[in-house]
file final.cif (mmCIF, C-alpha atoms and all ligand atoms)
data_work
#
loop_
_atom_site.label_atom_id
_atom_site.label_comp_id
_atom_site.auth_asym_id
_atom_site.auth_seq_id
_atom_site.Cartn_x
_atom_site.Cartn_y
_atom_site.Cartn_z
CA MET A 5 72.72 6.04 161.00
CA GLU A 6 71.21 8.53 163.40
CA ILE A 7 67.46 8.46 163.90
CA VAL A 8 66.14 11.93 164.60
CA GLU A 9 62.61 12.93 165.56
CA SER A 10 62.89 16.57 166.55
CA LYS A 11 63.55 19.61 164.39
CA THR A 12 66.01 20.97 166.96
CA ALA A 13 68.13 17.82 166.93
CA LEU A 14 68.06 17.76 163.13
CA ARG A 15 69.17 21.38 162.88
CA THR A 16 71.97 20.86 165.41
CA ILE A 17 73.43 17.83 163.62
CA LEU A 18 73.11 19.34 160.17
CA GLY A 19 74.50 22.72 161.32
CA LYS A 20 77.70 20.98 162.44
CA SER A 21 78.02 19.08 159.16
CA ARG A 22 77.47 22.21 157.14
CA SER A 23 80.11 24.10 159.16
CA ALA A 24 82.51 21.22 158.46
CA GLY A 25 81.91 21.87 154.75
CA LYS A 26 79.93 18.71 154.08
CA SER A 27 77.46 18.63 151.21
CA ILE A 28 73.94 17.41 152.05
CA GLY A 29 71.77 15.24 149.82
CA PHE A 30 68.13 14.95 150.85
CA VAL A 31 65.50 12.34 149.95
CA PRO A 32 62.00 13.23 151.22
CA THR A 33 59.67 10.22 151.42
CA MET A 34 56.44 9.06 153.02
CA GLY A 35 58.07 5.76 153.95
CA PHE A 36 57.07 2.17 153.12
CA LEU A 37 60.23 2.26 151.06
CA HIS A 38 60.65 0.38 147.79
CA ALA A 39 63.36 0.07 145.17
CA GLY A 40 62.37 3.45 143.67
CA HIS A 41 63.14 5.22 146.97
CA LEU A 42 66.34 3.23 147.38
CA SER A 43 67.54 4.36 143.95
CA LEU A 44 67.14 7.99 145.09
CA MET A 45 69.17 7.24 148.24
CA ARG A 46 71.89 5.53 146.19
CA ARG A 47 72.17 8.52 143.88
CA ALA A 48 72.25 10.89 146.87
CA ARG A 49 74.98 8.71 148.44
CA GLN A 50 77.10 8.97 145.28
CA GLU A 51 76.78 12.74 145.04
CA ASN A 52 76.95 14.02 148.63
CA ASP A 53 78.96 13.76 151.85
CA LEU A 54 75.85 13.36 154.00
CA VAL A 55 72.53 11.70 153.11
CA VAL A 56 69.36 12.68 154.94
CA VAL A 57 66.07 10.82 154.39
CA SER A 58 62.75 11.96 155.86
CA ILE A 59 59.91 9.55 156.54
CA PHE A 60 56.69 11.47 157.09
CA VAL A 61 53.19 10.61 155.91
CA ASN A 62 52.12 14.17 155.27
CA PRO A 63 48.44 14.70 156.23
CA THR A 64 48.05 17.97 154.30
CA GLN A 65 48.53 16.29 150.93
CA PHE A 66 45.64 13.84 151.47
CA GLY A 67 42.07 14.83 150.65
CA PRO A 68 39.19 14.12 153.07
CA ASN A 69 38.23 10.80 151.45
CA GLU A 70 41.72 9.60 150.66
CA ASP A 71 43.93 6.95 152.26
CA LEU A 72 45.78 8.89 154.99
CA ASP A 73 44.73 6.49 157.76
CA THR A 74 45.43 3.34 155.80
CA TYR A 75 48.58 4.55 154.00
CA PRO A 76 51.08 1.68 154.46
CA ARG A 77 53.65 2.22 157.21
CA ASP A 78 56.55 0.05 158.45
CA ALA A 79 59.12 2.08 160.36
CA ASP A 80 61.27 -0.93 161.32
CA ARG A 81 61.60 -2.18 157.77
CA ASP A 82 62.25 1.37 156.51
CA THR A 83 64.98 1.79 159.13
CA GLU A 84 66.72 -1.41 158.02
CA LEU A 85 66.50 -0.42 154.36
CA MET A 86 67.93 3.04 155.05
CA ARG A 87 70.78 1.44 157.03
CA SER A 88 71.53 -0.87 154.12
CA GLU A 89 71.80 2.19 151.84
CA ASN A 90 74.25 3.91 154.24
CA VAL A 91 71.91 6.77 154.98
CA ASP A 92 73.43 9.09 157.62
CA ILE A 93 70.30 10.63 159.12
CA ALA A 94 66.74 9.28 159.15
CA PHE A 95 64.29 12.03 160.08
CA PHE A 96 61.06 10.56 161.49
CA PRO A 97 59.13 13.57 162.81
CA PRO A 98 55.82 13.07 164.61
CA VAL A 99 52.91 15.01 163.10
CA GLU A 100 52.90 17.61 165.96
CA GLU A 101 56.55 18.41 165.23
CA ILE A 102 55.69 19.43 161.68
CA TYR A 103 52.19 20.81 162.21
CA PRO A 104 52.02 22.11 165.78
CA ARG A 105 48.78 23.57 167.15
CA GLY A 106 48.06 26.86 165.47
CA PHE A 107 49.83 26.00 162.20
CA THR A 108 48.18 28.09 159.47
CA THR A 109 50.74 28.84 156.75
CA PHE A 110 50.64 27.04 153.40
CA VAL A 111 52.88 27.24 150.36
CA ALA A 112 51.00 26.93 147.09
CA VAL A 113 52.20 27.10 143.50
CA GLU A 114 49.27 28.80 141.82
CA GLY A 115 48.20 28.63 138.19
CA PRO A 116 47.49 25.97 135.61
CA MET A 117 50.16 23.44 136.62
CA THR A 118 48.41 22.78 139.92
CA GLN A 119 44.94 22.69 138.36
CA VAL A 120 45.42 19.94 135.77
CA LEU A 121 46.14 16.18 135.73
CA CYS A 122 46.12 14.86 139.33
CA ALA A 123 44.80 18.16 140.69
CA THR A 124 41.48 17.58 138.94
CA SER A 125 40.59 14.77 141.33
CA ARG A 126 42.96 15.87 144.16
CA PRO A 127 42.46 19.66 144.30
CA THR A 128 44.36 20.29 147.56
CA HIS A 129 47.12 17.72 147.05
CA PHE A 130 49.87 19.92 145.62
CA ARG A 131 49.41 22.65 148.20
CA GLY A 132 50.09 19.98 150.84
CA VAL A 133 53.13 18.71 148.94
CA THR A 134 54.70 22.14 148.45
CA THR A 135 54.01 23.07 152.08
CA ILE A 136 55.77 20.00 153.49
CA VAL A 137 58.59 20.09 150.96
CA ALA A 138 59.23 23.79 151.64
CA LYS A 139 59.28 23.09 155.39
CA LEU A 140 61.67 20.15 154.94
CA PHE A 141 63.92 22.21 152.66
CA ASN A 142 64.06 24.91 155.36
CA LEU A 143 64.95 22.35 158.01
CA VAL A 144 67.48 20.29 156.06
CA LYS A 145 68.88 23.03 153.79
CA PRO A 146 70.15 20.42 151.33
CA ASP A 147 72.51 21.07 148.44
CA LYS A 148 70.58 18.56 146.36
CA ALA A 149 67.10 17.07 146.79
CA TYR A 150 66.09 13.85 145.03
CA PHE A 151 62.65 13.08 143.58
CA GLY A 152 61.31 10.28 141.36
CA GLN A 153 60.02 10.93 137.84
CA LYS A 154 57.01 8.72 138.64
CA ASP A 155 55.41 11.75 140.31
CA ALA A 156 55.98 13.85 137.20
CA GLN A 157 53.54 16.63 138.12
CA GLN A 158 54.94 16.83 141.65
CA VAL A 159 58.43 17.29 140.18
CA VAL A 160 57.31 20.12 137.90
CA VAL A 161 55.45 21.86 140.74
CA ILE A 162 58.40 21.53 143.14
CA GLN A 163 60.82 22.86 140.52
CA GLN A 164 58.53 25.87 140.07
CA MET A 165 58.43 26.45 143.84
CA VAL A 166 62.23 26.18 144.11
CA LYS A 167 62.61 28.74 141.33
CA ASP A 168 59.94 31.14 142.60
CA LEU A 169 61.01 31.06 146.25
CA ASP A 170 64.78 31.07 145.56
CA PHE A 171 65.56 27.86 147.39
CA ASP A 172 69.32 27.49 147.06
CA LEU A 173 69.40 23.84 146.05
CA GLN A 174 69.34 21.57 143.03
CA VAL A 175 66.37 19.32 142.33
CA VAL A 176 67.60 15.98 140.98
CA VAL A 177 65.00 13.91 139.12
CA CYS A 178 65.64 10.15 139.00
CA PRO A 179 64.15 7.62 136.55
CA ILE A 180 61.07 5.54 137.37
CA LYS A 181 61.85 2.11 138.85
CA ARG A 182 59.59 -0.62 137.49
CA GLU A 183 58.59 -4.15 138.42
CA ALA A 184 59.49 -6.95 135.95
CA ASP A 185 56.18 -6.47 134.09
CA GLY A 186 56.66 -2.71 133.83
CA LEU A 187 54.39 -1.55 136.66
CA ALA A 188 55.90 1.60 138.21
CA MET A 189 56.96 0.96 141.80
CA SER A 190 54.72 2.65 144.34
CA SER A 191 53.93 2.13 148.01
CA ARG A 192 50.26 1.98 146.94
CA ASN A 193 50.84 -1.16 144.79
CA THR A 194 50.48 -3.16 148.01
CA TYR A 195 46.75 -2.28 148.04
CA LEU A 196 46.11 -4.12 144.75
CA SER A 197 44.27 -7.46 144.69
CA PRO A 198 46.15 -10.17 142.72
CA ARG A 199 43.86 -9.61 139.72
CA HIS A 200 44.23 -5.84 139.77
CA ARG A 201 48.00 -6.21 140.26
CA ALA A 202 48.14 -8.32 137.07
CA ASP A 203 45.85 -5.91 135.19
CA ALA A 204 47.89 -2.88 136.24
CA ALA A 205 50.80 -3.95 134.02
CA VAL A 206 48.75 -2.58 131.12
CA LEU A 207 49.55 0.99 132.23
CA PHE A 208 53.19 0.80 131.21
CA GLN A 209 52.42 -1.45 128.23
CA SER A 210 50.02 1.17 126.88
CA LEU A 211 52.56 3.96 127.43
CA ALA A 212 55.29 1.92 125.73
CA GLU A 213 52.97 1.29 122.77
CA ALA A 214 52.25 5.03 122.57
CA GLN A 215 55.98 5.70 122.54
CA GLN A 216 56.34 3.32 119.58
CA MET A 217 53.49 5.07 117.73
CA ILE A 218 55.28 8.37 118.26
CA ALA A 219 58.60 6.91 117.14
CA GLY A 220 56.73 5.74 114.04
CA GLY A 221 55.64 9.31 113.29
CA GLU A 222 52.35 9.83 115.13
CA ARG A 223 52.01 13.47 116.24
CA SER A 224 48.35 13.71 117.15
CA ALA A 225 47.77 13.90 120.92
CA SER A 226 44.19 12.68 120.62
CA ALA A 227 45.29 9.61 118.62
CA VAL A 228 47.84 8.78 121.33
CA VAL A 229 45.27 9.22 124.13
CA ARG A 230 42.75 7.08 122.24
CA SER A 231 45.26 4.29 121.75
CA ILE A 232 46.19 4.23 125.46
CA ALA A 233 42.53 4.30 126.56
CA THR A 234 41.62 1.47 124.19
CA LYS A 235 44.47 -0.72 125.37
CA ILE A 236 43.65 -0.15 129.05
CA GLY A 237 39.94 -0.74 128.45
CA ALA A 238 40.62 -4.02 126.65
CA ALA A 239 43.06 -5.40 129.23
CA ALA A 240 41.42 -4.23 132.45
CA GLN A 241 37.67 -4.03 132.04
CA ASP A 242 36.85 -2.59 135.47
CA ALA A 243 39.71 -0.07 135.49
CA ILE A 244 38.47 3.52 135.76
CA ILE A 245 40.50 6.06 133.86
CA ASP A 246 40.92 9.27 135.84
CA TYR A 247 42.93 10.95 133.06
CA ILE A 248 45.23 10.25 130.14
CA ALA A 249 46.96 13.40 128.97
CA VAL A 250 49.63 14.53 126.55
CA VAL A 251 51.15 17.75 127.85
CA ASP A 252 54.17 19.99 127.55
CA ALA A 253 56.77 18.48 129.93
CA GLU A 254 57.65 21.81 131.53
CA THR A 255 54.38 23.73 131.73
CA LEU A 256 51.97 20.75 131.75
CA ALA A 257 49.85 22.63 129.19
CA ASP A 258 47.69 20.37 127.01
CA LEU A 259 49.04 19.65 123.54
CA GLU A 260 47.14 18.93 120.33
CA THR A 261 50.24 18.27 118.27
CA LEU A 262 53.23 16.54 119.79
CA GLN A 263 56.31 18.71 119.61
CA GLY A 264 59.30 19.52 121.82
CA ASP A 265 59.58 17.87 125.26
CA ILE A 266 56.36 16.08 126.03
CA LEU A 267 54.91 14.15 128.94
CA ILE A 268 52.31 11.43 128.52
CA ALA A 269 50.74 10.97 131.94
CA LEU A 270 47.89 8.89 133.25
CA ALA A 271 46.01 8.05 136.42
CA VAL A 272 43.82 4.96 136.57
CA LYS A 273 41.85 3.38 139.38
CA PHE A 274 41.93 -0.36 139.99
CA GLY A 275 39.27 -0.95 142.63
CA LYS A 276 39.97 1.73 145.25
CA THR A 277 43.62 2.07 144.28
CA ARG A 278 44.55 4.98 142.06
CA LEU A 279 47.84 4.49 140.20
CA ILE A 280 49.82 7.00 138.18
CA ASP A 281 52.47 6.54 135.53
CA ASN A 282 54.07 8.53 132.73
CA ILE A 283 56.70 8.68 130.04
CA ARG A 284 58.66 11.72 128.98
CA ILE A 285 59.83 12.12 125.41
CA LYS A 286 62.40 14.79 124.61
CA GLY A 287 62.96 16.95 121.59
CA LEU A 288 60.16 15.83 119.27
CA GLY A 289 60.48 17.61 115.95
CA PRO A 290 57.50 18.94 113.99
CA ASN A 291 58.24 16.58 111.13
CA CYS A 292 57.70 12.91 111.35
CA GLY A 293 58.76 9.92 109.37
CA GLY A 294 55.38 8.23 109.32
CA PRO A 295 51.76 9.26 108.96
CA CYS A 296 51.62 12.85 110.33
CA ARG A 297 48.18 14.29 111.07
O1 LIG A 301 56.57 11.85 146.83
C1 LIG A 301 56.30 11.73 148.04
O2 LIG A 301 56.51 10.69 148.65
C2 LIG A 301 55.70 12.90 148.79
O3 LIG A 301 54.81 13.59 148.01
C3 LIG A 301 56.75 13.84 149.40
C4 LIG A 301 57.59 14.52 148.31
C5 LIG A 301 57.68 13.05 150.31
C6 LIG A 301 56.08 14.93 150.21
O4 LIG A 301 55.33 14.40 151.25
#
call {"tool": "encode", "arguments": {"input": "final.cif", "output": "structure tokens", "more": "lines below"}}
Ligand code: PAF
result
Amino acid sequence: MEIVESKTALRTILGKSRSAGKSIGFVPTMGFLHAGHLSLMRRARQENDLVVVSIFVNPTQFGPNEDLDTYPRDADRDTELMRSENVDIAFFPPVEEIYPRGFTTFVAVEGPMTQVLCATSRPTHFRGVTTIVAKLFNLVKPDKAYFGQKDAQQVVVIQQMVKDLDFDLQVVVCPIKREADGLAMSSRNTYLSPRHRADAAVLFQSLAEAQQMIAGGERSASAVVRSIATKIGAAAQDAIIDYIAVVDAETLADLETLQGDILIALAVKFGKTRLIDNIRIKGLGPNCGGPCR
């Protein structure tokens, strides 16, 4: 595995591989790798000749009072994990390499999809994500780029950017990796106290229960939201719900009646740690077997 810090070195290595006809799979990350990241690398390994992983804690996607300074970092451990997944190139750029003095250009997907869900409490987050991802796409020029479904809104926003700006690559979305109790894997889980870690299992449990209600015929978005909120409130009394939403999976527009491809997404704070999770349900028909409302 080659460890690369500069854009010039990255471009030189990747230029040679591209000229040799090699396909490039790219996994952008902020490091502190967990099994979710490793599953993206494994999929990239299966589908490409060359696998590039970036490790960069991107300052522009953090708000002023967020956890940029304390975001967990462990470059040595990340390096070992990438080696064990047979990654070819680990790109570890310093901040000045990505945002040199005088940097002023941002890439922003405008419109409702960047104003709802996580954007309500993190208004500048997606502009930071699309800016760094666009820059990394320009540097790596991958054939395929791999993202986790856990960041469902991020995936939708990046797909929109790829379409609008004609990036010549395929976005591959990989399933959420979960701990044994269902908690979605996240680098931020390490912040949780033992009690909050135990409480946080209710997020997936409440989503799974909602999925069962829907399988049983429930089609009212507000009934689904109410059920999730009640379950979280009962299991984790000091949890603060940022949002629970039932939206169209492609546009992220709010739904009243569940139909088509839907996303049930939530963000909940346990102490200072804000966790997100979601489930996607495809092809819901207007008719239901059970008590339709
Ligand atoms: O999902 C993440 O880890 C980040 O948002 C990403 C895509 C690497 C951009 O910094």
call {"tool": "closest_residue", "arguments": {"input": "final.cif", "among": "A:Gln263, A:Ser210, A:Thr12, A:Thr135", "to": "ligand LIG 301 (chain A)", "atoms": "all atoms listed in the file"}}
result
A:Thr135
call {"tool": "residues_around", "arguments": {"input": "final.cif", "residues": "Val160 in chain A", "least_positions_apart": "5", "cutoff": "12 Å", "atoms": "all atoms listed in the file", "output": "PyMOL selection string"}}
result
chain A and resi 113+116-118+130+133-134+151-155+165-167+175-177+252-257+267
call {"tool": "closest_residue", "arguments": {"input": "final.cif", "among": "A:Val137, A:Ile245, A:Met45, A:Ala123", "to": "Gly67 in chain A", "atoms": "only C-alpha atoms"}}
result
A:Ala123
call {"tool": "residues_near_ligand", "arguments": {"input": "final.cif", "ligand": "ligand LIG 301 (chain A)", "cutoff": "10 Å", "atoms": "only C-alpha atoms and all ligand atoms", "output": "NGL selection string"}}
result
:A and (31-37 or 41 or 57-66 or 129-130 or 132-138 or 140 or 149-156 or 158-159 or 162 or 190-191)
call {"tool": "closest_residue", "arguments": {"input": "final.cif", "among": "A:Val229, A:Leu279, A:Ile236, A:Val144", "to": "Glu260 in chain A", "atoms": "all atoms listed in the file"}}
result
A:Val229
call {"tool": "closest_residue", "arguments": {"input": "final.cif", "among": "A:Ile244, A:Met189, A:Ile268, A:Ile102", "to": "Lys139 in chain A", "atoms": "all atoms listed in the file"}}
result
A:Ile102
call {"tool": "closest_residue", "arguments": {"input": "final.cif", "among": "A:Leu288, A:Ala24, A:Arg77, A:Ser125", "to": "Gly220 in chain A", "atoms": "all atoms listed in the file"}}
result
A:Leu288
call {"tool": "closest_residue", "arguments": {"input": "final.cif", "among": "A:Phe96, A:Phe274, A:Phe171, A:Tyr247", "to": "Arg201 in chain A", "atoms": "only C-alpha atoms"}}
result
A:Phe274
call {"tool": "build_atoms", "arguments": {"input": "final.cif", "residues": "range 185-204 of chain A", "atoms": "N, CA and C atoms", "output": "PDB file, in the coordinates of the input"}}
result
ATOM      1  N   ASP A 185      57.192  -6.626 135.148  1.00  0.00           N
ATOM      2  CA  ASP A 185      56.180  -6.470 134.090  1.00  0.00           C
ATOM      3  C   ASP A 185      55.941  -5.019 133.703  1.00  0.00           C
ATOM      4  N   GLY A 186      56.747  -4.118 134.230  1.00  0.00           N
ATOM      5  CA  GLY A 186      56.660  -2.710 133.830  1.00  0.00           C
ATOM      6  C   GLY A 186      55.897  -1.821 134.783  1.00  0.00           C
ATOM      7  N   LEU A 187      55.155  -2.402 135.740  1.00  0.00           N
ATOM      8  CA  LEU A 187      54.390  -1.550 136.660  1.00  0.00           C
ATOM      9  C   LEU A 187      55.350  -0.648 137.451  1.00  0.00           C
ATOM     10  N   ALA A 188      55.060   0.650 137.464  1.00  0.00           N
ATOM     11  CA  ALA A 188      55.900   1.600 138.210  1.00  0.00           C
ATOM     12  C   ALA A 188      55.826   1.288 139.700  1.00  0.00           C
ATOM     13  N   MET A 189      56.975   1.264 140.361  1.00  0.00           N
ATOM     14  CA  MET A 189      56.960   0.960 141.800  1.00  0.00           C
ATOM     15  C   MET A 189      56.279   2.083 142.564  1.00  0.00           C
ATOM     16  N   SER A 190      55.453   1.687 143.527  1.00  0.00           N
ATOM     17  CA  SER A 190      54.720   2.650 144.340  1.00  0.00           C
ATOM     18  C   SER A 190      54.340   1.962 145.639  1.00  0.00           C
ATOM     19  N   SER A 191      54.343   2.716 146.732  1.00  0.00           N
ATOM     20  CA  SER A 191      53.930   2.130 148.010  1.00  0.00           C
ATOM     21  C   SER A 191      52.473   1.673 147.914  1.00  0.00           C
ATOM     22  N   ARG A 192      51.688   2.318 147.055  1.00  0.00           N
ATOM     23  CA  ARG A 192      50.260   1.980 146.940  1.00  0.00           C
ATOM     24  C   ARG A 192      50.021   0.668 146.186  1.00  0.00           C
ATOM     25  N   ASN A 193      51.046   0.123 145.503  1.00  0.00           N
ATOM     26  CA  ASN A 193      50.840  -1.160 144.790  1.00  0.00           C
ATOM     27  C   ASN A 193      50.438  -2.259 145.758  1.00  0.00           C
ATOM     28  N   THR A 194      50.803  -2.113 147.031  1.00  0.00           N
ATOM     29  CA  THR A 194      50.480  -3.160 148.010  1.00  0.00           C
ATOM     30  C   THR A 194      48.963  -3.271 148.233  1.00  0.00           C
ATOM     31  N   TYR A 195      48.210  -2.229 147.871  1.00  0.00           N
ATOM     32  CA  TYR A 195      46.750  -2.280 148.040  1.00  0.00           C
ATOM     33  C   TYR A 195      46.081  -3.192 147.016  1.00  0.00           C
ATOM     34  N   LEU A 196      46.768  -3.461 145.893  1.00  0.00           N
ATOM     35  CA  LEU A 196      46.110  -4.120 144.750  1.00  0.00           C
ATOM     36  C   LEU A 196      45.788  -5.582 145.048  1.00  0.00           C
ATOM     37  N   SER A 197      44.600  -6.025 144.628  1.00  0.00           N
ATOM     38  CA  SER A 197      44.270  -7.460 144.690  1.00  0.00           C
ATOM     39  C   SER A 197      45.140  -8.152 143.635  1.00  0.00           C
ATOM     40  N   PRO A 198      45.320  -9.488 143.726  1.00  0.00           N
ATOM     41  CA  PRO A 198      46.150 -10.170 142.720  1.00  0.00           C
ATOM     42  C   PRO A 198      45.668  -9.899 141.285  1.00  0.00           C
ATOM     43  N   ARG A 199      44.352  -9.849 141.087  1.00  0.00           N
ATOM     44  CA  ARG A 199      43.860  -9.610 139.720  1.00  0.00           C
ATOM     45  C   ARG A 199      44.188  -8.185 139.265  1.00  0.00           C
ATOM     46  N   HIS A 200      43.938  -7.218 140.156  1.00  0.00           N
ATOM     47  CA  HIS A 200      44.230  -5.840 139.770  1.00  0.00           C
ATOM     48  C   HIS A 200      45.745  -5.625 139.593  1.00  0.00           C
ATOM     49  N   ARG A 201      46.524  -6.329 140.415  1.00  0.00           N
ATOM     50  CA  ARG A 201      48.000  -6.210 140.260  1.00  0.00           C
ATOM     51  C   ARG A 201      48.407  -6.680 138.860  1.00  0.00           C
ATOM     52  N   ALA A 202      47.806  -7.811 138.416  1.00  0.00           N
ATOM     53  CA  ALA A 202      48.140  -8.320 137.070  1.00  0.00           C
ATOM     54  C   ALA A 202      47.650  -7.346 136.002  1.00  0.00           C
ATOM     55  N   ASP A 203      46.418  -6.851 136.171  1.00  0.00           N
ATOM     56  CA  ASP A 203      45.850  -5.910 135.190  1.00  0.00           C
ATOM     57  C   ASP A 203      46.679  -4.626 135.066  1.00  0.00           C
ATOM     58  N   ALA A 204      47.241  -4.193 136.207  1.00  0.00           N
ATOM     59  CA  ALA A 204      47.890  -2.880 136.240  1.00  0.00           C
ATOM     60  C   ALA A 204      49.128  -2.801 135.342  1.00  0.00           C
TER      61      ALA A 204
END
